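File shown here: protein31.cif, holding mmCIF, C-alpha atoms.
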data_my_file
#
loop_
_atom_site.label_atom_id
_atom_site.label_comp_id
_atom_site.auth_asym_id
_atom_site.auth_seq_id
_atom_site.Cartn_x
_atom_site.Cartn_y
_atom_site.Cartn_z
CA MET A 16 -66.07 12.51 49.63
CA THR A 17 -67.33 9.15 48.50
CA GLY A 18 -65.71 9.55 45.09
CA GLY A 19 -62.40 10.56 46.67
CA GLY A 20 -62.53 7.60 49.04
CA GLU A 21 -63.21 5.20 46.19
CA LYS A 22 -60.33 6.67 44.21
CA ARG A 23 -57.94 6.28 47.14
CA GLU A 24 -59.14 2.71 47.70
CA ARG A 25 -58.65 1.95 44.01
CA ARG A 26 -55.10 3.31 44.01
CA GLY A 27 -54.36 1.57 47.32
CA SER A 28 -55.34 -1.82 45.93
CA GLY A 29 -53.33 -1.04 42.79
CA TRP A 30 -50.20 -0.28 44.83
CA LEU A 31 -50.67 -3.46 46.88
CA ALA A 32 -50.90 -5.46 43.64
CA LEU A 33 -47.77 -3.74 42.32
CA LEU A 34 -45.87 -4.60 45.52
CA VAL A 35 -46.73 -8.26 44.93
CA VAL A 36 -45.45 -7.97 41.35
CA TRP A 37 -42.20 -6.39 42.55
CA VAL A 38 -41.41 -9.26 44.91
CA VAL A 39 -42.94 -12.30 43.22
CA TRP A 40 -41.75 -11.72 39.68
CA GLY A 41 -38.21 -11.12 40.80
CA SER A 42 -38.19 -14.67 42.15
CA THR A 43 -39.71 -16.29 39.06
CA TYR A 44 -36.44 -15.99 37.11
CA LEU A 45 -34.92 -18.40 39.61
CA GLY A 46 -38.02 -20.62 39.44
CA ILE A 47 -37.82 -20.81 35.65
CA ARG A 48 -34.12 -21.69 35.67
CA VAL A 49 -34.70 -24.57 38.12
CA ALA A 50 -37.87 -25.81 36.38
CA ILE A 51 -36.23 -26.09 32.95
CA GLU A 52 -33.46 -28.27 34.37
CA GLY A 53 -35.84 -31.18 33.81
CA LEU A 54 -38.75 -29.75 31.81
CA PRO A 55 -38.69 -28.47 28.20
CA PRO A 56 -39.05 -24.65 28.36
CA VAL A 57 -42.04 -24.02 26.07
CA ALA A 58 -43.93 -27.09 27.28
CA MET A 59 -43.21 -26.07 30.87
CA ALA A 60 -44.57 -22.57 30.25
CA GLY A 61 -47.66 -23.87 28.44
CA GLY A 62 -48.43 -26.43 31.14
CA ARG A 63 -47.86 -23.84 33.84
CA PHE A 64 -50.36 -21.40 32.38
CA VAL A 65 -53.01 -23.97 31.42
CA LEU A 66 -53.01 -25.42 34.94
CA ALA A 67 -53.03 -21.98 36.59
CA GLY A 68 -55.86 -20.80 34.32
CA ALA A 69 -57.87 -23.98 34.92
CA ILE A 70 -57.57 -23.48 38.69
CA MET A 71 -58.63 -19.82 38.53
CA PHE A 72 -61.36 -19.90 35.88
CA PRO A 73 -64.18 -21.73 37.78
CA PHE A 74 -63.93 -19.29 40.67
CA ALA A 75 -63.50 -16.18 38.54
CA ALA A 76 -66.39 -17.04 36.19
CA ARG A 77 -68.98 -17.20 38.99
CA GLY A 78 -69.85 -13.55 38.40
CA GLY A 79 -70.77 -14.14 34.76
CA TRP A 80 -69.63 -16.02 31.66
CA PRO A 81 -67.32 -14.05 29.33
CA ARG A 82 -68.43 -13.02 25.83
CA ARG A 83 -66.85 -14.32 22.63
CA GLY A 84 -65.18 -11.00 21.89
CA GLN A 85 -63.58 -11.03 25.32
CA TRP A 86 -62.12 -14.47 24.63
CA ALA A 87 -60.54 -13.10 21.45
CA GLY A 88 -59.09 -10.09 23.29
CA CYS A 89 -57.71 -12.24 26.09
CA ALA A 90 -56.21 -14.67 23.59
CA LEU A 91 -54.36 -11.87 21.78
CA VAL A 92 -53.04 -10.25 24.94
CA GLY A 93 -52.32 -13.60 26.57
CA VAL A 94 -50.21 -14.85 23.67
CA LEU A 95 -48.18 -11.63 23.69
CA LEU A 96 -47.67 -11.54 27.47
CA LEU A 97 -47.31 -15.22 28.24
CA GLY A 98 -45.60 -16.04 24.97
CA ALA A 99 -43.00 -13.55 26.16
CA ASN A 100 -42.65 -15.57 29.34
CA ALA A 101 -42.21 -18.78 27.34
CA ALA A 102 -39.51 -17.07 25.29
CA LEU A 103 -37.77 -16.10 28.52
CA SER A 104 -37.89 -19.73 29.66
CA LEU A 105 -36.23 -20.72 26.40
CA ALA A 106 -33.57 -18.01 26.73
CA GLU A 107 -32.67 -19.01 30.30
CA ARG A 108 -31.23 -22.27 28.99
CA THR A 109 -28.17 -20.29 27.89
CA VAL A 110 -28.49 -16.87 29.56
CA PRO A 111 -27.83 -16.52 33.34
CA THR A 112 -30.79 -15.61 35.54
CA GLY A 113 -29.51 -12.16 36.54
CA LEU A 114 -28.53 -11.23 33.01
CA ALA A 115 -31.92 -12.30 31.64
CA SER A 116 -33.73 -10.20 34.25
CA LEU A 117 -31.72 -7.12 33.29
CA MET A 118 -32.57 -7.65 29.62
CA ILE A 119 -36.26 -7.93 30.49
CA ALA A 120 -35.90 -4.67 32.43
CA THR A 121 -35.97 -2.94 29.03
CA VAL A 122 -39.78 -3.34 28.93
CA PRO A 123 -40.40 0.37 29.70
CA LEU A 124 -38.12 1.30 26.80
CA TRP A 125 -40.20 -0.88 24.49
CA LEU A 126 -43.36 0.69 25.94
CA LEU A 127 -42.00 4.07 24.82
CA VAL A 128 -41.33 2.76 21.30
CA PHE A 129 -44.80 1.23 20.90
CA ASP A 130 -46.43 4.30 22.43
CA ALA A 131 -44.80 6.41 19.74
CA ALA A 132 -45.71 3.93 16.99
CA LEU A 133 -49.33 3.19 17.97
CA ASN A 134 -50.37 6.40 19.72
CA ARG A 135 -48.14 8.77 17.73
CA ALA A 136 -46.71 10.10 20.97
CA ARG A 137 -43.66 12.32 20.61
CA PRO A 138 -40.90 11.30 23.02
CA GLY A 139 -39.07 14.15 24.70
CA TRP A 140 -35.32 14.51 24.97
CA MET A 141 -35.29 12.65 28.29
CA ALA A 142 -37.00 9.64 26.76
CA VAL A 143 -34.64 9.63 23.78
CA ALA A 144 -31.69 9.84 26.17
CA GLY A 145 -33.15 6.89 28.07
CA LEU A 146 -33.32 4.82 24.90
CA LEU A 147 -29.69 5.59 24.04
CA VAL A 148 -28.48 4.83 27.56
CA GLY A 149 -30.49 1.61 27.53
CA LEU A 150 -28.89 0.51 24.28
CA ALA A 151 -25.46 1.13 25.78
CA GLY A 152 -26.40 -0.94 28.81
CA ILE A 153 -27.62 -3.81 26.63
CA GLY A 154 -24.34 -3.72 24.72
CA LEU A 155 -22.41 -4.14 27.96
CA LEU A 156 -24.71 -6.85 29.29
CA SER A 157 -24.29 -8.96 26.17
CA GLY A 158 -20.77 -9.78 27.36
CA ALA A 159 -21.36 -9.47 31.09
CA SER A 160 -20.79 -13.11 32.01
CA GLY A 161 -17.09 -12.87 31.32
CA ARG A 162 -17.61 -14.40 27.88
CA SER A 163 -19.93 -13.31 25.11
CA ALA A 164 -23.48 -14.36 25.92
CA PRO A 165 -25.11 -16.40 23.13
CA VAL A 166 -26.50 -13.95 20.59
CA ALA A 167 -29.65 -16.03 20.19
CA GLY A 168 -30.33 -15.91 23.94
CA VAL A 169 -29.87 -12.14 24.09
CA VAL A 170 -32.14 -11.61 21.06
CA ILE A 171 -34.83 -13.87 22.56
CA CYS A 172 -34.72 -11.91 25.83
CA LEU A 173 -35.14 -8.60 23.98
CA CYS A 174 -37.97 -10.00 21.83
CA SER A 175 -39.61 -11.24 25.02
CA ALA A 176 -39.45 -7.74 26.53
CA ALA A 177 -40.90 -6.22 23.33
CA SER A 178 -43.74 -8.74 23.24
CA TRP A 179 -44.59 -8.06 26.88
CA ALA A 180 -44.66 -4.30 26.26
CA LEU A 181 -46.94 -4.66 23.24
CA GLY A 182 -49.29 -6.94 25.15
CA THR A 183 -49.45 -4.44 28.01
CA ILE A 184 -50.45 -1.61 25.67
CA LEU A 185 -53.02 -3.70 23.78
CA SER A 186 -54.60 -4.87 27.04
CA ARG A 187 -56.10 -1.37 27.32
CA ARG A 188 -57.47 -1.45 23.77
CA VAL A 189 -59.14 -4.84 23.30
CA ALA A 190 -62.34 -6.22 24.85
CA MET A 191 -61.58 -7.64 28.29
CA PRO A 192 -63.78 -8.81 31.21
CA ASP A 193 -64.39 -6.28 33.98
CA ASN A 194 -63.24 -8.89 36.49
CA PRO A 195 -59.39 -8.87 36.49
CA ALA A 196 -59.21 -12.43 37.86
CA LEU A 197 -61.41 -13.70 35.03
CA GLY A 198 -59.29 -11.89 32.46
CA SER A 199 -56.13 -13.41 33.93
CA ALA A 200 -57.59 -16.92 33.84
CA MET A 201 -58.74 -16.51 30.23
CA GLU A 202 -55.37 -15.18 29.13
CA MET A 203 -53.55 -18.06 30.78
CA LEU A 204 -55.90 -20.71 29.37
CA THR A 205 -55.76 -19.45 25.79
CA ALA A 206 -52.05 -18.63 25.73
CA GLY A 207 -51.15 -21.86 27.54
CA ALA A 208 -53.07 -23.90 24.97
CA VAL A 209 -51.21 -22.14 22.14
CA LEU A 210 -47.85 -22.79 23.81
CA LEU A 211 -48.64 -26.47 24.38
CA GLY A 212 -49.66 -26.75 20.73
CA PHE A 213 -46.35 -25.19 19.70
CA ALA A 214 -44.46 -27.55 22.02
CA GLY A 215 -46.23 -30.49 20.40
CA VAL A 216 -45.46 -29.37 16.85
CA SER A 217 -41.81 -28.60 17.67
CA GLY A 218 -41.27 -32.02 19.28
CA GLU A 219 -40.74 -30.75 22.84
CA LEU A 220 -43.59 -32.81 24.28
CA GLY A 221 -42.21 -35.94 22.64
CA SER A 222 -38.86 -35.45 24.36
CA LEU A 223 -40.45 -35.06 27.82
CA HIS A 224 -39.88 -37.99 30.20
CA LEU A 225 -41.76 -37.31 33.41
CA ALA A 226 -39.94 -39.98 35.41
CA ALA A 227 -36.61 -38.27 34.71
CA VAL A 228 -37.70 -34.87 36.05
CA SER A 229 -36.08 -34.06 39.40
CA GLY A 230 -38.02 -33.21 42.52
CA ARG A 231 -36.65 -29.68 42.63
CA SER A 232 -37.81 -29.05 39.06
CA TRP A 233 -41.33 -30.15 40.04
CA LEU A 234 -41.23 -27.89 43.11
CA ALA A 235 -40.16 -24.95 40.95
CA PHE A 236 -42.93 -25.78 38.47
CA GLY A 237 -45.51 -25.76 41.28
CA TYR A 238 -44.16 -22.45 42.58
CA LEU A 239 -44.46 -20.90 39.13
CA ILE A 240 -48.08 -22.09 38.85
CA LEU A 241 -49.34 -21.00 42.27
CA VAL A 242 -47.20 -17.97 43.08
CA GLY A 243 -45.73 -16.78 39.78
CA SER A 244 -48.90 -17.22 37.68
CA ILE A 245 -51.99 -17.18 39.88
CA VAL A 246 -50.71 -14.62 42.39
CA GLY A 247 -48.17 -12.63 40.36
CA PHE A 248 -49.91 -12.40 36.99
CA SER A 249 -53.28 -11.60 38.58
CA ALA A 250 -51.62 -8.84 40.60
CA TYR A 251 -50.09 -7.43 37.40
CA VAL A 252 -53.49 -7.31 35.68
CA VAL A 253 -54.95 -5.46 38.68
CA ALA A 254 -52.03 -3.01 38.76
CA VAL A 255 -52.30 -2.27 35.02
CA ARG A 256 -56.01 -1.47 35.41
CA LYS A 257 -55.72 0.71 38.50
CA LEU A 258 -52.40 2.54 38.11
CA PRO A 259 -50.78 4.54 35.29
CA THR A 260 -48.63 2.50 32.91
CA SER A 261 -45.51 4.43 33.91
CA THR A 262 -46.12 3.53 37.56
CA VAL A 263 -46.63 -0.15 36.79
CA ALA A 264 -43.43 -0.09 34.73
CA THR A 265 -41.42 0.55 37.91
CA TYR A 266 -41.44 -3.21 38.52
CA ALA A 267 -38.55 -3.17 36.06
CA TYR A 268 -36.45 -1.46 38.77
CA VAL A 269 -37.10 -4.05 41.45
CA ASN A 270 -37.33 -7.39 39.66
CA PRO A 271 -33.72 -7.43 38.38
CA VAL A 272 -32.35 -6.66 41.84
CA ILE A 273 -34.21 -9.61 43.37
CA ALA A 274 -33.35 -11.89 40.45
CA VAL A 275 -29.64 -11.03 40.54
CA LEU A 276 -29.46 -11.54 44.32
CA LEU A 277 -31.20 -14.91 44.13
CA GLY A 278 -29.12 -16.01 41.15
CA THR A 279 -25.81 -15.21 42.84
CA THR A 280 -26.72 -16.56 46.30
CA LEU A 281 -28.70 -19.70 45.41
CA LEU A 282 -27.41 -20.68 41.97
CA GLY A 283 -23.85 -19.39 42.33
CA GLU A 284 -24.08 -17.22 39.19
CA ARG A 285 -21.12 -14.91 38.63
CA LEU A 286 -21.74 -11.19 39.17
CA SER A 287 -19.11 -9.24 37.23
CA LEU A 288 -18.33 -5.53 37.37
CA ARG A 289 -19.38 -5.26 33.74
CA MET A 290 -22.75 -6.76 34.58
CA VAL A 291 -23.21 -4.32 37.46
CA PHE A 292 -22.34 -1.33 35.29
CA GLY A 293 -24.50 -2.49 32.39
CA GLY A 294 -27.38 -3.15 34.76
CA LEU A 295 -27.05 0.33 36.23
CA LEU A 296 -27.23 1.80 32.73
CA VAL A 297 -30.40 -0.16 31.92
CA VAL A 298 -32.08 0.76 35.21
CA GLY A 299 -30.99 4.39 34.73
CA ALA A 300 -32.48 4.37 31.23
CA VAL A 301 -35.74 3.02 32.63
CA ALA A 302 -35.71 5.80 35.23
CA LEU A 303 -35.41 8.44 32.50
CA VAL A 304 -38.28 6.95 30.52
CA VAL A 305 -40.59 6.45 33.52
CA ARG A 306 -39.97 10.05 34.65
CA ARG A 307 -41.42 11.06 31.30
#
Translate this file's structure into structure tokens.
Amino acid sequence: MTGGGEKRERRGSGWLALLVVWVVWGSTYLGIRVAIEGLPPVAMAGGRFVLAGAIMFPFAARGGWPRRGQWAGCALVGVLLLGANAALSLAERTVPTGLASLMIATVPLWLLVFDAALNRARPGWMAVAGLLVGLAGIGLLSGASGRSAPVAGVVICLCSAASWALGTILSRRVAMPDNPALGSAMEMLTAGAVLLGFAGVSGELGSLHLAAVSGRSWLAFGYLILVGSIVGFSAYVVAVRKLPTSTVATYAYVNPVIAVLLGTTLLGERLSLRMVFGGLLVVGAVALVVRR
């Protein structure tokens, strides 16, 4: 009885964390678009994660200091996951919020590809059909704004989704702290430092003029730190640890819906029939893969 109760409690907390991911991450596409109006995308992402990690780490590390191997594991996973987020920030300079969210919804398709490559899993006919349908949806979405979306932006979005999927799979293989909050803080600190270093080398930090950044960009930046990173990313780490990967992947159904609604209502982004149809194909492809 005790074991069954603990299992139900574990799954219950996992589902609560996943609910947070569903809602919060759908809104971060809007937050990113507003933040990069005044802040360079990679520098914004790096600063966001370093600050969020610095806030979380002192509290999370009270239970015990992490080992060196755990730092290495968190750095690898963090760069893949949060580097993907930085790439998304870069892509949203040219790709509309709703369209970007639908591209990122291909994460479960990438999970299937990496599962086959790393774990030698054999995808069934339903999974293969999902991949083909997803490719068709991506083809439609690439021109969904009424004009051809920049090829570079579309490619960056897809690379971002692939990086996130690979980081999710490797998070189960590398050394990580038992405390999910500590792991989240370590991933954000290490990945944020790498992103800030890249922003410095690329010249982004040199082009940043703090006095010229609008108030709404700062508000969006604060929202991404507190809600998108500390709350949302921590919830994702908990969900990945306590629920099956296919269950966690269902956030790809919900996030695009929220992102598209916010983009059209608050930013006035155009929602075309082609975008709706392409989005339905992508979400349908994800459904086929997750059913597997």
Check your understanding: Counting only C-alpha atoms, which of A:Ile171, A:Ala227, A:Val65, A:Ala302 gets nearest to Val148 of chain A?
Key ->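 Of the candidates, the smallest distance to Val148 of chain A is held by A:Ala302.
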Point to revise | Neighbour list for Thr265 of chain A as a count of residues only, cut-off 12 Å, all atoms listed in the file, skip fewer than 2 positions in-chain | key: 33
Check your understanding: the PyMOL selection byres ((chain A and resi 185-193) around 9) on the file shown: which residues, as a count of residues only?
Key -> 22
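Comparing the minimum interatomic distances between Ile47 of chain A and each of A:Phe292, A:Phe72, A:Phe236, A:Trp125, counting only C-alpha atoms, we find that A:Phe236 sits nearest.
Of the listed residues A:Gly294, A:Gly113, A:Val209, A:Arg48, the one whose atoms come nearest to Val275 of chain A is A:Gly113, with distances taken using all atoms listed in the file.
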Review point. With only C-alpha atoms as the atoms that count, which of A:Val228, A:Ala176, A:Leu114, A:Val246 lies nearest to Ser287 of chain A?
Key: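 Counting only C-alpha atoms, the residue closest to Ser287 of chain A is A:Leu114.
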Point to revise | Proximity to Leu66 of chain A - best of A:Val94, A:Leu241, A:Leu282, A:Ala250, all atoms listed in the file | key: A:Leu241
Review point. So what do you get for atom CA of Glu107 of chain A versus atom CA of Val169 of chain A, distance-wise?
Key: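 Straight-line distance from atom CA of Glu107 of chain A to atom CA of Val169 of chain A works out to 9.7 Å.
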Study note, to complete from the structure: Pairwise distance, atom CA of Gly93 of chain A with atom CA of Ala50 of chain A, equals 21.3 Å
Point to revise | Among the residues A:Phe129, A:Gly283, A:Met59, A:Gly79, the one that comes closest to Leu211 of chain A [using all atoms listed in the file] | key: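 Of the candidates, the smallest distance to Leu211 of chain A is held by A:Met59.
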For this file, the PyMOL selection byres ((chain A and resi 68-71) around 7) selects which residues, as an mmCIF file with C-alpha atoms, in the frame of the given file?
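Written file, result_29.cif:
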data_model
loop_
_atom_site.group_PDB
_atom_site.id
_atom_site.type_symbol
_atom_site.label_atom_id
_atom_site.label_comp_id
_atom_site.auth_asym_id
_atom_site.auth_seq_id
_atom_site.Cartn_x
_atom_site.Cartn_y
_atom_site.Cartn_z
ATOM 1 C CA PHE A 64 -50.360 -21.400 32.380
ATOM 2 C CA VAL A 65 -53.010 -23.970 31.420
ATOM 3 C CA LEU A 66 -53.010 -25.420 34.940
ATOM 4 C CA ALA A 67 -53.030 -21.980 36.590
ATOM 5 C CA PHE A 72 -61.360 -19.900 35.880
ATOM 6 C CA PRO A 73 -64.180 -21.730 37.780
ATOM 7 C CA PHE A 74 -63.930 -19.290 40.670
ATOM 8 C CA ALA A 75 -63.500 -16.180 38.540
ATOM 9 C CA ALA A 200 -57.590 -16.920 33.840
ATOM 10 C CA MET A 201 -58.740 -16.510 30.230
ATOM 11 C CA MET A 203 -53.550 -18.060 30.780
ATOM 12 C CA LEU A 204 -55.900 -20.710 29.370
#
Review point. What is the distance between atom CA of Gly243 of chain A and atom CA of Gly221 of chain A, in Å to one decimal?
Key: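 Answer for the atom CA of Gly243 of chain A to atom CA of Gly221 of chain A separation: 25.9 Å.
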Exercise for review: Kindly resolve the PyMOL selection byres ((chain A and resi 105) around 10) on the present coordinates and return the residues as a ChimeraX atom specification.
Suggested key: /A:47-48,51,55-57,59-60,99-104,106-110,168,171-172
Write segment 200-217 of chain A as a compact mmCIF listing (two decimals), in the frame of the given file, completed to N, CA and C atoms.
# COMPACT_ATOMS: atom_id res chain seq x y z
N ALA A 200 -57.36 -15.50 34.09
CA ALA A 200 -57.59 -16.92 33.84
C ALA A 200 -57.77 -17.19 32.35
N MET A 201 -58.52 -16.33 31.67
CA MET A 201 -58.74 -16.51 30.23
C MET A 201 -57.46 -16.35 29.44
N GLU A 202 -56.65 -15.37 29.82
CA GLU A 202 -55.37 -15.18 29.13
C GLU A 202 -54.46 -16.38 29.31
N MET A 203 -54.42 -16.92 30.52
CA MET A 203 -53.55 -18.06 30.78
C MET A 203 -54.05 -19.31 30.07
N LEU A 204 -55.36 -19.53 30.04
CA LEU A 204 -55.90 -20.71 29.37
C LEU A 204 -55.62 -20.67 27.87
N THR A 205 -55.92 -19.54 27.24
CA THR A 205 -55.76 -19.45 25.79
C THR A 205 -54.28 -19.47 25.39
N ALA A 206 -53.47 -18.67 26.07
CA ALA A 206 -52.05 -18.63 25.73
C ALA A 206 -51.37 -19.96 26.05
N GLY A 207 -51.74 -20.57 27.19
CA GLY A 207 -51.15 -21.86 27.54
C GLY A 207 -51.46 -22.93 26.52
N ALA A 208 -52.70 -22.93 26.00
CA ALA A 208 -53.07 -23.90 24.97
C ALA A 208 -52.24 -23.69 23.70
N VAL A 209 -52.04 -22.44 23.32
CA VAL A 209 -51.21 -22.14 22.14
C VAL A 209 -49.78 -22.62 22.35
N LEU A 210 -49.23 -22.38 23.52
CA LEU A 210 -47.85 -22.79 23.81
C LEU A 210 -47.71 -24.30 23.82
N LEU A 211 -48.69 -25.00 24.38
CA LEU A 211 -48.64 -26.47 24.38
C LEU A 211 -48.74 -27.00 22.95
N GLY A 212 -49.57 -26.36 22.13
CA GLY A 212 -49.66 -26.75 20.73
C GLY A 212 -48.32 -26.57 20.02
N PHE A 213 -47.66 -25.44 20.30
CA PHE A 213 -46.35 -25.19 19.70
C PHE A 213 -45.33 -26.22 20.18
N ALA A 214 -45.39 -26.56 21.47
CA ALA A 214 -44.46 -27.55 22.02
C ALA A 214 -44.68 -28.91 21.37
N GLY A 215 -45.95 -29.23 21.06
CA GLY A 215 -46.23 -30.49 20.40
C GLY A 215 -45.71 -30.53 18.98
N VAL A 216 -45.91 -29.44 18.25
CA VAL A 216 -45.46 -29.37 16.85
C VAL A 216 -43.93 -29.39 16.77
N SER A 217 -43.28 -28.70 17.71
CA SER A 217 -41.81 -28.60 17.67
C SER A 217 -41.11 -29.86 18.18
